[in-house]
Each structure stands twice: as C-alpha cells, then as structure tokens.
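*Asks:* My structure is in protein.txt, and what it holds is compact mmCIF, N, CA, C and O atoms:
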```
# COMPACT_ATOMS: atom_id res chain seq x y z
N LYS A 23 8.59 23.45 10.79
CA LYS A 23 8.70 23.86 9.40
C LYS A 23 7.40 23.54 8.67
O LYS A 23 6.86 22.45 8.79
N ILE A 24 6.93 24.45 7.87
CA ILE A 24 5.70 24.27 7.10
C ILE A 24 6.03 23.58 5.78
O ILE A 24 6.99 23.93 5.11
N ASP A 25 5.21 22.59 5.41
CA ASP A 25 5.37 21.89 4.14
C ASP A 25 4.88 22.81 3.02
O ASP A 25 3.71 23.12 2.94
N GLU A 26 5.81 23.25 2.18
CA GLU A 26 5.46 24.17 1.10
C GLU A 26 5.23 23.47 -0.23
O GLU A 26 5.10 24.11 -1.26
N THR A 27 5.19 22.15 -0.22
CA THR A 27 4.94 21.40 -1.43
C THR A 27 3.52 21.69 -1.90
O THR A 27 2.58 21.64 -1.10
N PRO A 28 3.34 22.02 -3.19
CA PRO A 28 1.97 22.27 -3.67
C PRO A 28 1.08 21.06 -3.40
O PRO A 28 1.52 19.92 -3.50
N VAL A 29 -0.16 21.32 -3.04
CA VAL A 29 -1.11 20.26 -2.66
C VAL A 29 -1.20 19.19 -3.75
O VAL A 29 -1.21 18.00 -3.46
N GLU A 30 -1.22 19.58 -5.01
CA GLU A 30 -1.39 18.60 -6.08
C GLU A 30 -0.17 17.70 -6.25
O GLU A 30 -0.26 16.65 -6.87
N LYS A 31 0.98 18.06 -5.67
CA LYS A 31 2.18 17.24 -5.78
C LYS A 31 2.45 16.39 -4.54
O LYS A 31 3.36 15.59 -4.52
N ARG A 32 1.68 16.57 -3.50
CA ARG A 32 1.86 15.78 -2.28
C ARG A 32 1.39 14.35 -2.51
O ARG A 32 0.43 14.11 -3.24
N ALA A 33 2.06 13.44 -1.86
CA ALA A 33 1.66 12.03 -1.97
C ALA A 33 0.28 11.84 -1.36
O ALA A 33 -0.07 12.47 -0.36
N LYS A 34 -0.48 10.97 -1.97
CA LYS A 34 -1.83 10.67 -1.50
C LYS A 34 -1.94 9.18 -1.17
O LYS A 34 -1.28 8.36 -1.81
N PRO A 35 -2.77 8.82 -0.20
CA PRO A 35 -3.00 7.39 0.08
C PRO A 35 -3.60 6.70 -1.15
O PRO A 35 -4.50 7.25 -1.79
N ILE A 36 -3.06 5.53 -1.48
CA ILE A 36 -3.59 4.79 -2.63
C ILE A 36 -4.10 3.40 -2.24
O ILE A 36 -4.82 2.78 -3.00
N ALA A 37 -3.71 2.92 -1.04
CA ALA A 37 -4.17 1.61 -0.58
C ALA A 37 -3.99 1.53 0.93
O ALA A 37 -3.17 2.25 1.49
N LYS A 38 -4.79 0.67 1.55
CA LYS A 38 -4.64 0.44 2.98
C LYS A 38 -5.08 -0.97 3.30
O LYS A 38 -5.88 -1.57 2.56
N GLU A 39 -4.52 -1.50 4.37
CA GLU A 39 -4.92 -2.83 4.82
C GLU A 39 -4.72 -2.93 6.32
O GLU A 39 -3.68 -2.51 6.85
N SER A 40 -5.72 -3.47 7.01
CA SER A 40 -5.65 -3.65 8.45
C SER A 40 -4.69 -4.78 8.79
O SER A 40 -4.60 -5.78 8.06
N VAL A 41 -3.98 -4.62 9.88
CA VAL A 41 -3.11 -5.68 10.38
C VAL A 41 -3.94 -6.50 11.36
O VAL A 41 -4.29 -6.02 12.44
N THR A 42 -4.30 -7.70 10.98
CA THR A 42 -5.17 -8.57 11.76
C THR A 42 -4.67 -8.72 13.20
O THR A 42 -3.48 -8.91 13.42
N GLY A 43 -5.60 -8.60 14.14
CA GLY A 43 -5.27 -8.78 15.55
C GLY A 43 -4.67 -7.55 16.22
O GLY A 43 -4.27 -7.62 17.38
N THR A 44 -4.59 -6.44 15.48
CA THR A 44 -4.05 -5.19 16.04
C THR A 44 -4.97 -4.05 15.60
O THR A 44 -5.75 -4.20 14.67
N PRO A 45 -4.83 -2.89 16.23
CA PRO A 45 -5.61 -1.75 15.77
C PRO A 45 -4.96 -1.02 14.58
O PRO A 45 -5.53 -0.09 14.04
N TRP A 46 -3.79 -1.46 14.16
CA TRP A 46 -3.02 -0.75 13.15
C TRP A 46 -3.48 -1.02 11.72
O TRP A 46 -3.96 -2.11 11.40
N VAL A 47 -3.29 -0.02 10.89
CA VAL A 47 -3.56 -0.11 9.45
C VAL A 47 -2.29 0.34 8.75
O VAL A 47 -1.65 1.31 9.16
N ILE A 48 -1.90 -0.38 7.69
CA ILE A 48 -0.78 0.07 6.87
C ILE A 48 -1.39 0.84 5.69
O ILE A 48 -2.31 0.36 5.04
N VAL A 49 -0.85 2.03 5.44
CA VAL A 49 -1.35 2.87 4.35
C VAL A 49 -0.19 3.10 3.38
O VAL A 49 0.90 3.50 3.78
N TRP A 50 -0.43 2.81 2.09
CA TRP A 50 0.57 3.04 1.05
C TRP A 50 0.22 4.34 0.34
O TRP A 50 -0.94 4.65 0.11
N THR A 51 1.25 5.09 -0.05
CA THR A 51 1.04 6.40 -0.67
C THR A 51 1.51 6.39 -2.13
O THR A 51 2.27 5.51 -2.56
N SER A 52 1.06 7.39 -2.86
CA SER A 52 1.35 7.48 -4.29
C SER A 52 2.83 7.68 -4.60
O SER A 52 3.24 7.49 -5.74
N ASP A 53 3.63 8.03 -3.62
CA ASP A 53 5.06 8.20 -3.85
C ASP A 53 5.86 6.93 -3.51
O ASP A 53 7.08 6.95 -3.43
N GLY A 54 5.15 5.81 -3.33
CA GLY A 54 5.80 4.53 -3.09
C GLY A 54 6.19 4.27 -1.65
O GLY A 54 6.88 3.29 -1.37
N LYS A 55 5.76 5.09 -0.73
CA LYS A 55 6.07 4.90 0.68
C LYS A 55 4.87 4.29 1.40
O LYS A 55 3.81 4.11 0.81
N HIS A 56 5.05 3.96 2.66
CA HIS A 56 3.95 3.46 3.49
C HIS A 56 4.12 4.03 4.90
O HIS A 56 5.21 4.42 5.29
N PHE A 57 2.99 4.09 5.60
CA PHE A 57 3.03 4.48 7.01
C PHE A 57 2.02 3.65 7.77
O PHE A 57 1.19 2.95 7.19
N PHE A 58 2.14 3.70 9.09
CA PHE A 58 1.28 2.92 9.98
C PHE A 58 0.34 3.88 10.69
O PHE A 58 0.76 4.91 11.20
N PHE A 59 -0.95 3.54 10.70
CA PHE A 59 -1.96 4.40 11.30
C PHE A 59 -2.79 3.59 12.28
O PHE A 59 -3.23 2.48 11.98
N ASN A 60 -3.01 4.17 13.47
CA ASN A 60 -3.85 3.55 14.48
C ASN A 60 -5.10 4.43 14.62
O ASN A 60 -5.04 5.51 15.19
N PRO A 61 -6.24 4.00 14.07
CA PRO A 61 -7.44 4.82 14.12
C PRO A 61 -8.01 5.03 15.53
O PRO A 61 -8.74 5.99 15.75
N LEU A 62 -7.64 4.17 16.47
CA LEU A 62 -8.14 4.34 17.84
C LEU A 62 -7.46 5.52 18.52
O LEU A 62 -8.10 6.29 19.25
N THR A 63 -6.15 5.66 18.30
CA THR A 63 -5.39 6.73 18.95
C THR A 63 -5.12 7.90 18.01
O THR A 63 -4.58 8.92 18.44
N LYS A 64 -5.44 7.73 16.73
CA LYS A 64 -5.16 8.73 15.68
C LYS A 64 -3.66 8.95 15.49
O LYS A 64 -3.22 9.96 14.97
N GLN A 65 -2.87 7.96 15.89
CA GLN A 65 -1.42 8.06 15.77
C GLN A 65 -0.99 7.52 14.41
O GLN A 65 -1.49 6.50 13.94
N SER A 66 -0.04 8.20 13.76
CA SER A 66 0.55 7.67 12.55
C SER A 66 2.06 7.76 12.64
O SER A 66 2.61 8.69 13.22
N ASN A 67 2.71 6.72 12.09
CA ASN A 67 4.17 6.60 12.16
C ASN A 67 4.71 6.19 10.79
O ASN A 67 4.15 5.30 10.15
N TRP A 68 5.81 6.80 10.41
CA TRP A 68 6.52 6.35 9.20
C TRP A 68 7.39 5.15 9.53
O TRP A 68 7.73 4.37 8.65
N VAL A 69 7.72 4.99 10.81
CA VAL A 69 8.53 3.86 11.27
C VAL A 69 7.59 2.85 11.92
O VAL A 69 6.64 3.22 12.61
N MET A 70 7.88 1.55 11.72
CA MET A 70 7.02 0.51 12.28
C MET A 70 6.94 0.65 13.80
O MET A 70 7.97 0.68 14.48
N PRO A 71 5.72 0.71 14.36
CA PRO A 71 5.55 0.78 15.81
C PRO A 71 6.12 -0.47 16.48
O PRO A 71 6.09 -1.57 15.91
N ALA A 72 6.63 -0.30 17.69
CA ALA A 72 7.26 -1.40 18.42
C ALA A 72 6.33 -2.61 18.57
O ALA A 72 6.78 -3.75 18.48
N ASP A 73 5.02 -2.37 18.76
CA ASP A 73 4.12 -3.50 18.96
C ASP A 73 3.83 -4.27 17.67
O ASP A 73 3.16 -5.30 17.70
N LEU A 74 4.34 -3.81 16.53
CA LEU A 74 4.19 -4.56 15.28
C LEU A 74 5.47 -5.27 14.87
O LEU A 74 5.45 -6.11 13.96
N GLU A 75 6.57 -4.95 15.53
CA GLU A 75 7.85 -5.57 15.18
C GLU A 75 7.76 -7.08 15.39
O GLU A 75 7.24 -7.56 16.37
N GLY A 76 8.27 -7.81 14.42
CA GLY A 76 8.24 -9.27 14.49
C GLY A 76 6.90 -9.88 14.10
O GLY A 76 6.74 -11.09 14.13
N ASN A 77 5.93 -9.05 13.72
CA ASN A 77 4.61 -9.53 13.31
C ASN A 77 4.71 -9.99 11.85
O ASN A 77 4.91 -9.19 10.94
N GLY A 78 4.58 -11.28 11.63
CA GLY A 78 4.70 -11.85 10.29
C GLY A 78 3.69 -11.30 9.31
O GLY A 78 3.99 -11.16 8.12
N THR A 79 2.50 -10.97 9.77
CA THR A 79 1.47 -10.42 8.90
C THR A 79 1.93 -9.09 8.31
O THR A 79 1.74 -8.83 7.12
N VAL A 80 2.55 -8.26 9.13
CA VAL A 80 3.03 -6.96 8.67
C VAL A 80 4.07 -7.17 7.58
O VAL A 80 4.03 -6.53 6.52
N LEU A 81 5.01 -8.07 7.82
CA LEU A 81 6.06 -8.33 6.84
C LEU A 81 5.47 -8.85 5.53
O LEU A 81 5.90 -8.44 4.44
N ASP A 82 4.48 -9.73 5.63
CA ASP A 82 3.82 -10.24 4.42
C ASP A 82 3.13 -9.12 3.65
O ASP A 82 3.23 -9.05 2.42
N LEU A 83 2.43 -8.23 4.36
CA LEU A 83 1.74 -7.12 3.71
C LEU A 83 2.73 -6.16 3.05
O LEU A 83 2.48 -5.67 1.94
N LEU A 84 3.84 -5.90 3.72
CA LEU A 84 4.84 -5.00 3.14
C LEU A 84 5.50 -5.62 1.91
O LEU A 84 5.84 -4.92 0.96
N ASP A 85 5.66 -6.95 1.92
CA ASP A 85 6.25 -7.65 0.77
C ASP A 85 5.28 -7.76 -0.40
O ASP A 85 5.71 -7.89 -1.55
N ASP A 86 3.97 -7.74 -0.12
CA ASP A 86 2.96 -7.94 -1.16
C ASP A 86 1.80 -6.96 -0.93
O ASP A 86 0.70 -7.36 -0.53
N PRO A 87 2.02 -5.66 -1.20
CA PRO A 87 0.98 -4.65 -0.95
C PRO A 87 -0.28 -4.90 -1.78
O PRO A 87 -0.19 -5.38 -2.92
N PRO A 88 -1.45 -4.57 -1.24
CA PRO A 88 -2.71 -4.85 -1.94
C PRO A 88 -2.83 -4.14 -3.29
O PRO A 88 -3.37 -4.72 -4.22
N HIS A 89 -2.33 -2.94 -3.40
CA HIS A 89 -2.47 -2.22 -4.66
C HIS A 89 -1.62 -2.84 -5.76
O HIS A 89 -1.96 -2.75 -6.94
N LEU A 90 -0.56 -3.52 -5.42
CA LEU A 90 0.25 -4.21 -6.42
C LEU A 90 -0.35 -5.56 -6.79
O LEU A 90 -0.22 -5.99 -7.93
N ARG A 91 -1.02 -6.21 -5.85
CA ARG A 91 -1.70 -7.47 -6.17
C ARG A 91 -2.78 -7.22 -7.21
O ARG A 91 -2.92 -7.96 -8.16
N GLN A 92 -3.55 -6.16 -7.04
CA GLN A 92 -4.60 -5.85 -8.01
C GLN A 92 -4.00 -5.56 -9.37
O GLN A 92 -4.50 -6.00 -10.38
N GLY A 93 -2.90 -4.82 -9.39
CA GLY A 93 -2.24 -4.50 -10.65
C GLY A 93 -1.74 -5.75 -11.34
O GLY A 93 -1.82 -5.88 -12.55
N ASP A 94 -1.22 -6.72 -10.55
CA ASP A 94 -0.75 -7.96 -11.13
C ASP A 94 -1.90 -8.71 -11.78
O ASP A 94 -1.76 -9.25 -12.87
N GLU A 95 -3.07 -8.73 -11.10
CA GLU A 95 -4.22 -9.43 -11.66
C GLU A 95 -4.65 -8.79 -12.97
O GLU A 95 -4.92 -9.47 -13.94
N ILE A 96 -4.70 -7.47 -12.99
CA ILE A 96 -5.11 -6.78 -14.21
C ILE A 96 -4.09 -7.03 -15.31
O ILE A 96 -4.43 -7.34 -16.45
N GLU A 97 -2.79 -6.95 -14.96
CA GLU A 97 -1.75 -7.18 -15.95
C GLU A 97 -1.84 -8.60 -16.48
O GLU A 97 -1.73 -8.83 -17.69
N ASN A 98 -2.07 -9.59 -15.60
CA ASN A 98 -2.19 -10.97 -16.05
C ASN A 98 -3.38 -11.15 -16.97
O ASN A 98 -3.30 -11.89 -17.95
N GLU A 99 -4.50 -10.47 -16.67
CA GLU A 99 -5.66 -10.57 -17.55
C GLU A 99 -5.34 -10.01 -18.92
O GLU A 99 -5.70 -10.58 -19.94
N ILE A 100 -4.63 -8.90 -18.95
CA ILE A 100 -4.25 -8.30 -20.23
C ILE A 100 -3.32 -9.23 -20.98
O ILE A 100 -3.49 -9.49 -22.17
N LEU A 101 -2.33 -9.79 -20.26
CA LEU A 101 -1.40 -10.70 -20.91
C LEU A 101 -2.12 -11.95 -21.40
O LEU A 101 -1.85 -12.43 -22.50
N ASP A 102 -3.05 -12.48 -20.61
CA ASP A 102 -3.82 -13.65 -21.04
C ASP A 102 -4.61 -13.34 -22.29
O ASP A 102 -4.69 -14.13 -23.21
N GLY A 103 -5.20 -12.16 -22.33
CA GLY A 103 -5.96 -11.75 -23.51
C GLY A 103 -5.07 -11.64 -24.74
O GLY A 103 -5.44 -12.02 -25.84
N ASP A 104 -3.85 -11.13 -24.56
CA ASP A 104 -2.89 -11.05 -25.67
C ASP A 104 -2.53 -12.44 -26.18
O ASP A 104 -2.43 -12.67 -27.38
N ASP A 105 -2.35 -13.41 -25.26
CA ASP A 105 -2.02 -14.77 -25.65
C ASP A 105 -3.14 -15.37 -26.49
O ASP A 105 -2.90 -16.00 -27.51
N GLU A 106 -4.40 -15.14 -26.08
CA GLU A 106 -5.54 -15.67 -26.82
C GLU A 106 -5.59 -15.08 -28.22
O GLU A 106 -5.84 -15.77 -29.20
N GLN A 107 -5.33 -13.77 -28.32
CA GLN A 107 -5.36 -13.13 -29.64
C GLN A 107 -4.24 -13.67 -30.50
O GLN A 107 -4.44 -13.91 -31.69
N GLN A 108 -3.06 -13.93 -29.94
CA GLN A 108 -1.95 -14.46 -30.72
C GLN A 108 -2.26 -15.87 -31.17
O GLN A 108 -1.91 -16.25 -32.29
N GLN A 109 -2.92 -16.68 -30.32
CA GLN A 109 -3.23 -18.04 -30.69
C GLN A 109 -4.27 -18.09 -31.79
O GLN A 109 -4.26 -18.98 -32.63
N GLN A 110 -5.18 -17.11 -31.83
CA GLN A 110 -6.23 -17.08 -32.85
C GLN A 110 -5.68 -16.64 -34.20
O GLN A 110 -6.27 -16.94 -35.22
N SER A 111 -4.55 -15.92 -34.20
CA SER A 111 -3.97 -15.41 -35.46
C SER A 111 -3.34 -16.49 -36.28
O SER A 111 -2.88 -17.47 -35.87
```
Take the structure from the file and write it as structure tokens.
*Replies:*
Amino acid sequence: KIDETPVEKRAKPIAKESVTGTPWVIVWTSDGKHFFFNPLTKQSNWVMPADLEGNGTVLDLLDDPPHLRQGDEIENEILDGDDEQQQQS
C-alpha cells in the first residue's frame, strides 16, 4: 500500500540518540513516536530489536528523550526568569 499522506503532514525526525555499545540509534518523530535505526545495516524497526531488549540504556533513553530534556531546560530557564521578575516587583 502506498502512503498517501501529504508530505507536509508526515512525521519528521526531531531527535536521535545512539545506544552506547550497540550500532543502534533511537529516533524520535514529530508525532510523538520513536523507532530504532541501525546505520550499519540500514535497518529500521518500530518495535525494539531483540538485541536491545533488557538494555537499561534503551529504557532510560525512552523514559527521558533528549528533545524533552532540552525543552525542560528551556522551560526552567523561562520559569527562573519569571521568578526573578516577580521578586524584583
């Protein structure tokens, strides 16, 4: 079946992080999903590959994606700035 979704509405990669000690990379997409990519074999999977199952690093990355960590830092900076402005008032 051909994907007929307009190109501008398709999910796009927004973040990626290598899984240390493996050839795999986790890629997060703009629609809130993630997939696993192996650049050596050019294989990509929406389901966790068997050789990553039980890998604590993978679970940590899925629980704390890099694009959300950056957002938290920016949000905290904004909130900190708001606190300073309120204290000065």
*Asks:* Kindly give the distance, in Å, that separates atom CA of Val41 of chain A and atom CA of Asn77 of chain A, rounded to a single decimal.
*Replies:*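 Pair atom CA of Val41 of chain A / atom CA of Asn77 of chain A returns 9.1 Å.
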*Asks:* Using only C-alpha atoms, which of the listed residues (A:Pro71, A:Ser66, A:Leu84, A:Arg32) sits closest to Ser52 of chain A?
*Replies:*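 For Ser52 of chain A, the nearest of the given residues is A:Arg32.
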*Asks:* Please identify all polymer residues within 6 Å of Ile36 of chain A, counting only N, CA, C and O atoms, omitting same-chain residues fewer than 3 positions from it, and present them as an mmCIF file with N, CA, C and O atoms, in the frame of the given file.
*Replies:*
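File around_29.cif, as written:
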```
data_model
loop_
_atom_site.group_PDB
_atom_site.id
_atom_site.type_symbol
_atom_site.label_atom_id
_atom_site.label_comp_id
_atom_site.auth_asym_id
_atom_site.auth_seq_id
_atom_site.Cartn_x
_atom_site.Cartn_y
_atom_site.Cartn_z
ATOM 1 N N TRP A 50 -0.430 2.810 2.090
ATOM 2 C CA TRP A 50 0.570 3.040 1.050
ATOM 3 C C TRP A 50 0.220 4.340 0.340
ATOM 4 O O TRP A 50 -0.940 4.650 0.110
ATOM 5 N N THR A 51 1.250 5.090 -0.050
ATOM 6 C CA THR A 51 1.040 6.400 -0.670
ATOM 7 C C THR A 51 1.510 6.390 -2.130
ATOM 8 O O THR A 51 2.270 5.510 -2.560
ATOM 9 N N SER A 52 1.060 7.390 -2.860
ATOM 10 C CA SER A 52 1.350 7.480 -4.290
ATOM 11 C C SER A 52 2.830 7.680 -4.600
ATOM 12 O O SER A 52 3.240 7.490 -5.740
ATOM 13 N N HIS A 89 -2.330 -2.940 -3.400
ATOM 14 C CA HIS A 89 -2.470 -2.220 -4.660
ATOM 15 C C HIS A 89 -1.620 -2.840 -5.760
ATOM 16 O O HIS A 89 -1.960 -2.750 -6.940
#
```
*Asks:* Leaving out Phe57 of chain A and any residue of its chain fewer than 5 positions from it, which residues lie within 8 Å of it when counting all atoms listed in the file, given as a ChimeraX atom specification?
*Replies:* /A:37-39,46-51,65-70
*Asks:* Rounded to one decimal place, report the atom C of Glu75 of chain A-atom N of Ala33 of chain A distance in Å.
*Replies:* 27.4 Å
*Asks:* As a short mmCIF file (atom, residue, chain, number, x, y, z; two decimals) with N, CA, C and O atoms, in the frame of the given file, please: every residue in segment 29-92 of chain A that DSSP puts in alpha helix (DSSP H).
*Replies:*
```cif
data_model
loop_
_atom_site.label_atom_id
_atom_site.label_comp_id
_atom_site.auth_asym_id
_atom_site.auth_seq_id
_atom_site.Cartn_x
_atom_site.Cartn_y
_atom_site.Cartn_z
N GLY A 78 4.58 -11.28 11.63
CA GLY A 78 4.70 -11.85 10.29
C GLY A 78 3.69 -11.30 9.31
O GLY A 78 3.99 -11.16 8.12
N THR A 79 2.50 -10.97 9.77
CA THR A 79 1.47 -10.42 8.90
C THR A 79 1.93 -9.09 8.31
O THR A 79 1.74 -8.83 7.12
N VAL A 80 2.55 -8.26 9.13
CA VAL A 80 3.03 -6.96 8.67
C VAL A 80 4.07 -7.17 7.58
O VAL A 80 4.03 -6.53 6.52
N LEU A 81 5.01 -8.07 7.82
CA LEU A 81 6.06 -8.33 6.84
C LEU A 81 5.47 -8.85 5.53
O LEU A 81 5.90 -8.44 4.44
N ASP A 82 4.48 -9.73 5.63
CA ASP A 82 3.82 -10.24 4.42
C ASP A 82 3.13 -9.12 3.65
O ASP A 82 3.23 -9.05 2.42
N LEU A 83 2.43 -8.23 4.36
CA LEU A 83 1.74 -7.12 3.71
C LEU A 83 2.73 -6.16 3.05
O LEU A 83 2.48 -5.67 1.94
N LEU A 84 3.84 -5.90 3.72
CA LEU A 84 4.84 -5.00 3.14
C LEU A 84 5.50 -5.62 1.91
O LEU A 84 5.84 -4.92 0.96
N ASP A 85 5.66 -6.95 1.92
CA ASP A 85 6.25 -7.65 0.77
C ASP A 85 5.28 -7.76 -0.40
O ASP A 85 5.71 -7.89 -1.55
N PRO A 88 -1.45 -4.57 -1.24
CA PRO A 88 -2.71 -4.85 -1.94
C PRO A 88 -2.83 -4.14 -3.29
O PRO A 88 -3.37 -4.72 -4.22
N HIS A 89 -2.33 -2.94 -3.40
CA HIS A 89 -2.47 -2.22 -4.66
C HIS A 89 -1.62 -2.84 -5.76
O HIS A 89 -1.96 -2.75 -6.94
N LEU A 90 -0.56 -3.52 -5.42
CA LEU A 90 0.25 -4.21 -6.42
C LEU A 90 -0.35 -5.56 -6.79
O LEU A 90 -0.22 -5.99 -7.93
N ARG A 91 -1.02 -6.21 -5.85
CA ARG A 91 -1.70 -7.47 -6.17
C ARG A 91 -2.78 -7.22 -7.21
O ARG A 91 -2.92 -7.96 -8.16
N GLN A 92 -3.55 -6.16 -7.04
CA GLN A 92 -4.60 -5.85 -8.01
C GLN A 92 -4.00 -5.56 -9.37
O GLN A 92 -4.50 -6.00 -10.38
#
```
*Asks:* Go ahead and compute the interatomic distance for atom C of Leu90 of chain A and atom C of Pro61 of chain A, in Å to one decimal.
*Replies:* 25.9 Å
*Asks:* Counting only C-alpha atoms, which residue out of A:Asp82, A:Ser40, A:Pro87, A:Asp73 sits closest to Gly54 of chain A?
*Replies:*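 Of A:Asp82, A:Ser40, A:Pro87, A:Asp73, the one nearest Gly54 of chain A is A:Pro87, counting only C-alpha atoms.
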